[in-house]
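Q: Hey, dropping run06.txt in here, compact mmCIF, N, CA and C atoms:
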```txt
# COMPACT_ATOMS: atom_id res chain seq x y z
N MET A 206 154.92 88.59 140.75
CA MET A 206 154.35 89.79 140.20
C MET A 206 154.03 89.62 138.72
N GLU A 207 154.94 89.01 138.02
CA GLU A 207 154.72 88.80 136.60
C GLU A 207 153.53 87.86 136.37
N ALA A 208 153.31 86.94 137.28
CA ALA A 208 152.20 86.01 137.16
C ALA A 208 150.88 86.77 137.28
N PHE A 209 150.86 87.77 138.21
CA PHE A 209 149.64 88.57 138.37
C PHE A 209 149.34 89.38 137.11
N ILE A 210 150.35 89.89 136.47
CA ILE A 210 150.17 90.68 135.24
C ILE A 210 149.63 89.75 134.14
N GLY A 211 150.19 88.58 134.03
CA GLY A 211 149.72 87.62 133.02
C GLY A 211 148.29 87.19 133.28
N ILE A 212 147.98 86.89 134.54
CA ILE A 212 146.61 86.49 134.89
C ILE A 212 145.66 87.65 134.67
N GLY A 213 146.08 88.88 135.03
CA GLY A 213 145.24 90.07 134.85
C GLY A 213 144.94 90.32 133.38
N CYS A 214 145.97 90.19 132.54
CA CYS A 214 145.76 90.39 131.09
C CYS A 214 144.84 89.31 130.52
N THR A 215 145.00 88.09 131.00
CA THR A 215 144.15 87.00 130.53
C THR A 215 142.70 87.24 130.93
N VAL A 216 142.48 87.64 132.18
CA VAL A 216 141.12 87.91 132.66
C VAL A 216 140.54 89.09 131.90
N LEU A 217 141.36 90.15 131.70
CA LEU A 217 140.89 91.33 130.96
C LEU A 217 140.54 90.95 129.52
N GLY A 218 141.36 90.14 128.89
CA GLY A 218 141.08 89.68 127.52
C GLY A 218 139.81 88.85 127.47
N LEU A 219 139.64 87.97 128.47
CA LEU A 219 138.43 87.16 128.54
C LEU A 219 137.20 88.02 128.75
N LEU A 220 137.29 89.01 129.60
CA LEU A 220 136.17 89.93 129.87
C LEU A 220 135.83 90.72 128.60
N ILE A 221 136.83 91.24 127.91
CA ILE A 221 136.58 91.99 126.67
C ILE A 221 135.96 91.07 125.62
N GLY A 222 136.43 89.85 125.53
CA GLY A 222 135.88 88.88 124.58
C GLY A 222 134.42 88.58 124.87
N LEU A 223 134.09 88.37 126.14
CA LEU A 223 132.71 88.09 126.51
C LEU A 223 131.79 89.29 126.23
N LEU A 224 132.25 90.49 126.55
CA LEU A 224 131.45 91.69 126.29
C LEU A 224 131.23 91.89 124.78
N THR A 225 132.25 91.66 124.00
CA THR A 225 132.15 91.80 122.55
C THR A 225 131.18 90.76 121.99
N PHE A 226 131.27 89.53 122.49
CA PHE A 226 130.37 88.48 122.05
C PHE A 226 128.92 88.84 122.36
N GLY A 227 128.67 89.32 123.57
CA GLY A 227 127.31 89.71 123.96
C GLY A 227 126.78 90.85 123.11
N ARG A 228 127.63 91.82 122.84
CA ARG A 228 127.20 92.97 122.04
C ARG A 228 126.90 92.55 120.60
N ASN A 229 127.76 91.74 120.01
CA ASN A 229 127.53 91.28 118.65
C ASN A 229 126.29 90.38 118.56
N ARG A 230 126.05 89.59 119.60
CA ARG A 230 124.88 88.73 119.61
C ARG A 230 123.61 89.59 119.62
N ASP A 231 123.60 90.66 120.40
CA ASP A 231 122.45 91.57 120.44
C ASP A 231 122.23 92.22 119.09
N LYS A 232 123.32 92.61 118.42
CA LYS A 232 123.20 93.21 117.09
C LYS A 232 122.62 92.20 116.10
N ASP A 233 123.07 90.95 116.19
CA ASP A 233 122.55 89.91 115.30
C ASP A 233 121.06 89.68 115.54
N VAL A 234 120.65 89.68 116.79
CA VAL A 234 119.23 89.48 117.12
C VAL A 234 118.40 90.65 116.56
N LYS A 235 118.91 91.86 116.70
CA LYS A 235 118.19 93.03 116.18
C LYS A 235 118.11 92.97 114.66
N ALA A 236 119.19 92.58 114.02
CA ALA A 236 119.19 92.49 112.55
C ALA A 236 118.22 91.41 112.07
N ASP A 237 118.22 90.28 112.76
CA ASP A 237 117.28 89.21 112.40
C ASP A 237 115.84 89.65 112.61
N ALA A 238 115.59 90.37 113.69
CA ALA A 238 114.23 90.86 113.95
C ALA A 238 113.79 91.84 112.87
N ALA A 239 114.70 92.70 112.43
CA ALA A 239 114.37 93.66 111.37
C ALA A 239 114.07 92.93 110.06
N LYS A 240 114.88 91.94 109.73
CA LYS A 240 114.65 91.17 108.50
C LYS A 240 113.31 90.43 108.57
N THR A 241 113.02 89.87 109.72
CA THR A 241 111.75 89.16 109.89
C THR A 241 110.57 90.11 109.75
N ALA A 242 110.69 91.31 110.32
CA ALA A 242 109.62 92.29 110.22
C ALA A 242 109.39 92.71 108.77
N VAL A 243 110.46 92.90 108.03
CA VAL A 243 110.34 93.27 106.62
C VAL A 243 109.67 92.15 105.83
N MET A 244 110.08 90.91 106.07
CA MET A 244 109.48 89.78 105.36
C MET A 244 108.00 89.64 105.71
N GLU A 245 107.64 89.83 106.98
CA GLU A 245 106.24 89.73 107.37
C GLU A 245 105.41 90.83 106.72
N THR A 246 105.98 92.02 106.63
CA THR A 246 105.28 93.12 105.98
C THR A 246 105.05 92.82 104.51
N LYS A 247 106.06 92.29 103.84
CA LYS A 247 105.92 91.93 102.43
C LYS A 247 104.90 90.81 102.25
N LEU A 248 104.91 89.83 103.13
CA LEU A 248 103.94 88.74 103.04
C LEU A 248 102.52 89.25 103.26
N ASP A 249 102.36 90.19 104.18
CA ASP A 249 101.04 90.80 104.40
C ASP A 249 100.57 91.52 103.15
N ALA A 250 101.46 92.24 102.50
CA ALA A 250 101.10 92.96 101.27
C ALA A 250 100.71 91.97 100.17
N ILE A 251 101.44 90.88 100.06
CA ILE A 251 101.11 89.86 99.06
C ILE A 251 99.75 89.23 99.38
N THR A 252 99.51 88.94 100.65
CA THR A 252 98.23 88.36 101.05
C THR A 252 97.08 89.30 100.71
N ASN A 253 97.25 90.58 100.98
CA ASN A 253 96.21 91.55 100.65
C ASN A 253 95.99 91.63 99.15
N GLY A 254 97.07 91.56 98.38
CA GLY A 254 96.96 91.59 96.92
C GLY A 254 96.21 90.37 96.40
N VAL A 255 96.51 89.21 96.93
CA VAL A 255 95.84 87.98 96.51
C VAL A 255 94.35 88.05 96.85
N GLU A 256 94.03 88.55 98.03
CA GLU A 256 92.62 88.69 98.43
C GLU A 256 91.89 89.65 97.50
N SER A 257 92.54 90.73 97.14
CA SER A 257 91.94 91.69 96.21
C SER A 257 91.69 91.05 94.85
N ILE A 258 92.64 90.25 94.40
CA ILE A 258 92.47 89.55 93.11
C ILE A 258 91.31 88.57 93.19
N ARG A 259 91.15 87.89 94.31
CA ARG A 259 90.02 86.96 94.47
C ARG A 259 88.69 87.69 94.38
N ILE A 260 88.61 88.83 95.03
CA ILE A 260 87.37 89.62 95.00
C ILE A 260 87.08 90.07 93.58
N ASP A 261 88.11 90.56 92.89
CA ASP A 261 87.92 90.99 91.49
C ASP A 261 87.50 89.82 90.61
N LEU A 262 88.08 88.66 90.84
CA LEU A 262 87.74 87.48 90.05
C LEU A 262 86.28 87.08 90.25
N LYS A 263 85.81 87.15 91.49
CA LYS A 263 84.41 86.83 91.74
C LYS A 263 83.49 87.80 91.02
N ALA A 264 83.83 89.08 91.02
CA ALA A 264 83.02 90.08 90.32
C ALA A 264 83.02 89.81 88.82
N ILE A 265 84.16 89.45 88.27
CA ILE A 265 84.26 89.16 86.84
C ILE A 265 83.44 87.91 86.50
N GLU A 266 83.48 86.91 87.37
CA GLU A 266 82.68 85.69 87.13
C GLU A 266 81.20 86.02 87.11
N LYS A 267 80.75 86.89 88.01
CA LYS A 267 79.34 87.31 88.01
C LYS A 267 78.99 88.00 86.70
N GLN A 268 79.86 88.89 86.25
CA GLN A 268 79.61 89.60 85.00
C GLN A 268 79.56 88.62 83.83
N MET A 269 80.43 87.63 83.82
CA MET A 269 80.45 86.64 82.74
C MET A 269 79.14 85.84 82.74
N ASP A 270 78.65 85.48 83.92
CA ASP A 270 77.38 84.76 84.00
C ASP A 270 76.24 85.60 83.45
N MET A 271 76.21 86.90 83.82
CA MET A 271 75.17 87.78 83.32
C MET A 271 75.26 87.94 81.81
N LEU A 272 76.48 88.07 81.29
CA LEU A 272 76.66 88.21 79.84
C LEU A 272 76.23 86.94 79.11
N ALA A 273 76.54 85.78 79.66
CA ALA A 273 76.15 84.52 79.03
C ALA A 273 74.63 84.43 78.95
N GLU A 274 73.97 84.84 80.01
CA GLU A 274 72.51 84.83 80.02
C GLU A 274 71.95 85.79 78.98
N ARG A 275 72.54 86.97 78.88
CA ARG A 275 72.07 87.95 77.90
C ARG A 275 72.30 87.47 76.47
N VAL A 276 73.43 86.83 76.22
CA VAL A 276 73.72 86.31 74.88
C VAL A 276 72.70 85.24 74.51
N ALA A 277 72.35 84.39 75.46
CA ALA A 277 71.36 83.35 75.18
C ALA A 277 70.02 83.99 74.81
N ARG A 278 69.63 85.04 75.52
CA ARG A 278 68.38 85.73 75.21
C ARG A 278 68.43 86.37 73.82
N VAL A 279 69.55 86.99 73.49
CA VAL A 279 69.69 87.64 72.18
C VAL A 279 69.65 86.60 71.07
N GLU A 280 70.29 85.46 71.26
CA GLU A 280 70.26 84.40 70.25
C GLU A 280 68.84 83.89 70.05
N GLU A 281 68.12 83.72 71.14
CA GLU A 281 66.73 83.27 71.04
C GLU A 281 65.88 84.31 70.31
N SER A 282 66.07 85.55 70.63
CA SER A 282 65.32 86.63 69.99
C SER A 282 65.63 86.70 68.50
N SER A 283 66.90 86.57 68.14
CA SER A 283 67.26 86.62 66.72
C SER A 283 66.71 85.42 65.96
N MET A 284 66.64 84.27 66.62
CA MET A 284 66.07 83.09 65.98
C MET A 284 64.59 83.32 65.67
N HIS A 285 63.86 83.92 66.60
CA HIS A 285 62.44 84.23 66.36
C HIS A 285 62.31 85.26 65.24
N ALA A 286 63.20 86.23 65.22
CA ALA A 286 63.15 87.25 64.17
C ALA A 286 63.39 86.62 62.80
N HIS A 287 64.30 85.69 62.72
CA HIS A 287 64.57 85.01 61.44
C HIS A 287 63.34 84.21 60.99
N LYS A 288 62.67 83.58 61.94
CA LYS A 288 61.46 82.84 61.59
C LYS A 288 60.39 83.79 61.03
N ARG A 289 60.24 84.96 61.67
CA ARG A 289 59.25 85.93 61.19
C ARG A 289 59.63 86.45 59.80
N ILE A 290 60.91 86.69 59.60
CA ILE A 290 61.37 87.17 58.28
C ILE A 290 61.11 86.10 57.22
N ASP A 291 61.39 84.85 57.54
CA ASP A 291 61.12 83.76 56.59
C ASP A 291 59.63 83.69 56.26
N ASN A 292 58.78 83.85 57.27
CA ASN A 292 57.32 83.83 57.03
C ASN A 292 56.92 84.99 56.13
N LEU A 293 57.51 86.16 56.35
CA LEU A 293 57.19 87.31 55.50
C LEU A 293 57.62 87.06 54.06
N LYS A 294 58.78 86.43 53.87
CA LYS A 294 59.24 86.11 52.52
C LYS A 294 58.27 85.15 51.84
N ILE A 295 57.80 84.16 52.58
CA ILE A 295 56.85 83.20 52.01
C ILE A 295 55.56 83.91 51.60
N ILE A 296 55.07 84.81 52.46
CA ILE A 296 53.84 85.54 52.15
C ILE A 296 54.07 86.44 50.94
N GLN A 297 55.20 87.10 50.88
CA GLN A 297 55.50 87.99 49.76
C GLN A 297 55.61 87.21 48.46
N GLU A 298 56.24 86.07 48.48
CA GLU A 298 56.36 85.24 47.27
C GLU A 298 54.98 84.73 46.83
N ALA A 299 54.14 84.40 47.79
CA ALA A 299 52.80 83.92 47.46
C ALA A 299 51.96 85.04 46.81
N GLN A 300 52.16 86.26 47.25
CA GLN A 300 51.40 87.39 46.69
C GLN A 300 51.87 87.72 45.28
N GLN A 301 53.14 87.50 44.99
CA GLN A 301 53.69 87.81 43.67
C GLN A 301 53.27 86.78 42.64
N VAL A 302 52.95 85.64 43.00
CA VAL A 302 52.60 84.59 42.05
C VAL A 302 51.22 84.72 41.58
```
As structure tokens, what does this structure read like?

A:
Amino acid sequence: MEAFIGIGCTVLGLLIGLLTFGRNRDKDVKADAAKTAVMETKLDAITNGVESIRIDLKAIEKQMDMLAERVARVEESSMHAHKRIDNLKIIQEAQQV
């Protein structure tokens, strides 16, 4: 009789141990899945941010190209204006003499 009680307690302890292991394993899987989901969400947000920065950078590069072209035109125009001013000075000096 005592042997049956010992065997019964051993089996009951083994059964409780197995059930506890299974339950804790399920909790660990759920926790890992939640952590993975959070990390994927954060990575998606970072990816979207990087893509937005790329789009903004392309727009800024276009603006810089347009500004460079406009500056070149303004420099050329000012150079012609200086030549005209120099010619006017020469004409004015010739008239004063």

Q: To one decimal place, how far is atom C of Ala208 (chain A) from atom N of Ile221 (chain A) in Å?

A: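 Result for atom C of Ala208 (chain A) versus atom N of Ile221 (chain A): 17.5 Å, one decimal.
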
Q: Rounded to one decimal place, report the atom C of Ile258 (chain A)-atom C of Val243 (chain A) distance in Å.

A: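 Here the two named atoms are 22.6 Å from each other.
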
Q: Using only C-alpha atoms, what table do you get, as JSON lines, when you list each residue of region 225-268 of chain A with an atom no more than 12 Å from region 273-295 of chain A, its nearest pair of atoms, and their distance in Å rounded to one decimal, rows by chain then rising number?

A:
```
{"residue": "A:Glu266", "atom": "CA", "partner": "A:Ala273", "partner_atom": "CA", "distance": 10.5}
{"residue": "A:Lys267", "atom": "CA", "partner": "A:Ala273", "partner_atom": "CA", "distance": 9.9}
{"residue": "A:Gln268", "atom": "CA", "partner": "A:Ala273", "partner_atom": "CA", "distance": 8.6}
```

Q: Using all atoms of region 275-294 of chain A that appear in the file, construct an axis-aligned enclosing box with 6 Å of padding on every side and provide its centre coordinates and edge lengths in Å, rounded to one decimal, as JSON.

A:
```
{"center_x": 65.3, "center_y": 85.4, "center_z": 65.4, "size_x": 28.8, "size_y": 17.1, "size_z": 39.0}
```

Q: For atom N of Arg230 (chain A) and atom C of Met244 (chain A), quote the distance in Å rounded to one decimal.

A: 22.8 Å

Q: Restore N, CA, C and O atoms in region 211-228 of chain A and list the result as a short mmCIF file (atom, residue, chain, number, x, y, z; two decimals), in the coordinates of the input.

A:
```cif
data_model
loop_
_atom_site.label_atom_id
_atom_site.label_comp_id
_atom_site.auth_asym_id
_atom_site.auth_seq_id
_atom_site.Cartn_x
_atom_site.Cartn_y
_atom_site.Cartn_z
N GLY A 211 150.19 88.58 134.03
CA GLY A 211 149.72 87.62 133.02
C GLY A 211 148.29 87.19 133.28
O GLY A 211 147.46 87.13 132.36
N ILE A 212 147.98 86.89 134.54
CA ILE A 212 146.61 86.49 134.89
C ILE A 212 145.66 87.65 134.67
O ILE A 212 144.55 87.48 134.15
N GLY A 213 146.08 88.88 135.03
CA GLY A 213 145.24 90.07 134.85
C GLY A 213 144.94 90.32 133.38
O GLY A 213 143.80 90.63 132.99
N CYS A 214 145.97 90.19 132.54
CA CYS A 214 145.76 90.39 131.09
C CYS A 214 144.84 89.31 130.52
O CYS A 214 143.99 89.59 129.67
N THR A 215 145.00 88.09 131.00
CA THR A 215 144.15 87.00 130.53
C THR A 215 142.70 87.24 130.93
O THR A 215 141.78 87.08 130.11
N VAL A 216 142.48 87.64 132.18
CA VAL A 216 141.12 87.91 132.66
C VAL A 216 140.54 89.09 131.90
O VAL A 216 139.37 89.08 131.49
N LEU A 217 141.36 90.15 131.70
CA LEU A 217 140.89 91.33 130.96
C LEU A 217 140.54 90.95 129.52
O LEU A 217 139.51 91.37 128.99
N GLY A 218 141.36 90.14 128.89
CA GLY A 218 141.08 89.68 127.52
C GLY A 218 139.81 88.85 127.47
O GLY A 218 138.98 88.98 126.55
N LEU A 219 139.64 87.97 128.47
CA LEU A 219 138.43 87.16 128.54
C LEU A 219 137.20 88.02 128.75
O LEU A 219 136.16 87.82 128.09
N LEU A 220 137.29 89.01 129.60
CA LEU A 220 136.17 89.93 129.87
C LEU A 220 135.83 90.72 128.60
O LEU A 220 134.64 90.83 128.24
N ILE A 221 136.83 91.24 127.91
CA ILE A 221 136.58 91.99 126.67
C ILE A 221 135.96 91.07 125.62
O ILE A 221 135.03 91.44 124.90
N GLY A 222 136.43 89.85 125.53
CA GLY A 222 135.88 88.88 124.58
C GLY A 222 134.42 88.58 124.87
O GLY A 222 133.58 88.53 123.96
N LEU A 223 134.09 88.37 126.14
CA LEU A 223 132.71 88.09 126.51
C LEU A 223 131.79 89.29 126.23
O LEU A 223 130.66 89.12 125.73
N LEU A 224 132.25 90.49 126.55
CA LEU A 224 131.45 91.69 126.29
C LEU A 224 131.23 91.89 124.78
O LEU A 224 130.13 92.24 124.34
N THR A 225 132.25 91.66 124.00
CA THR A 225 132.15 91.80 122.55
C THR A 225 131.18 90.76 121.99
O THR A 225 130.34 91.06 121.14
N PHE A 226 131.27 89.53 122.49
CA PHE A 226 130.37 88.48 122.05
C PHE A 226 128.92 88.84 122.36
O PHE A 226 128.03 88.69 121.51
N GLY A 227 128.67 89.32 123.57
CA GLY A 227 127.31 89.71 123.96
C GLY A 227 126.78 90.85 123.11
O GLY A 227 125.62 90.85 122.69
N ARG A 228 127.63 91.82 122.84
CA ARG A 228 127.20 92.97 122.04
C ARG A 228 126.90 92.55 120.60
O ARG A 228 125.89 92.96 120.03
#
```
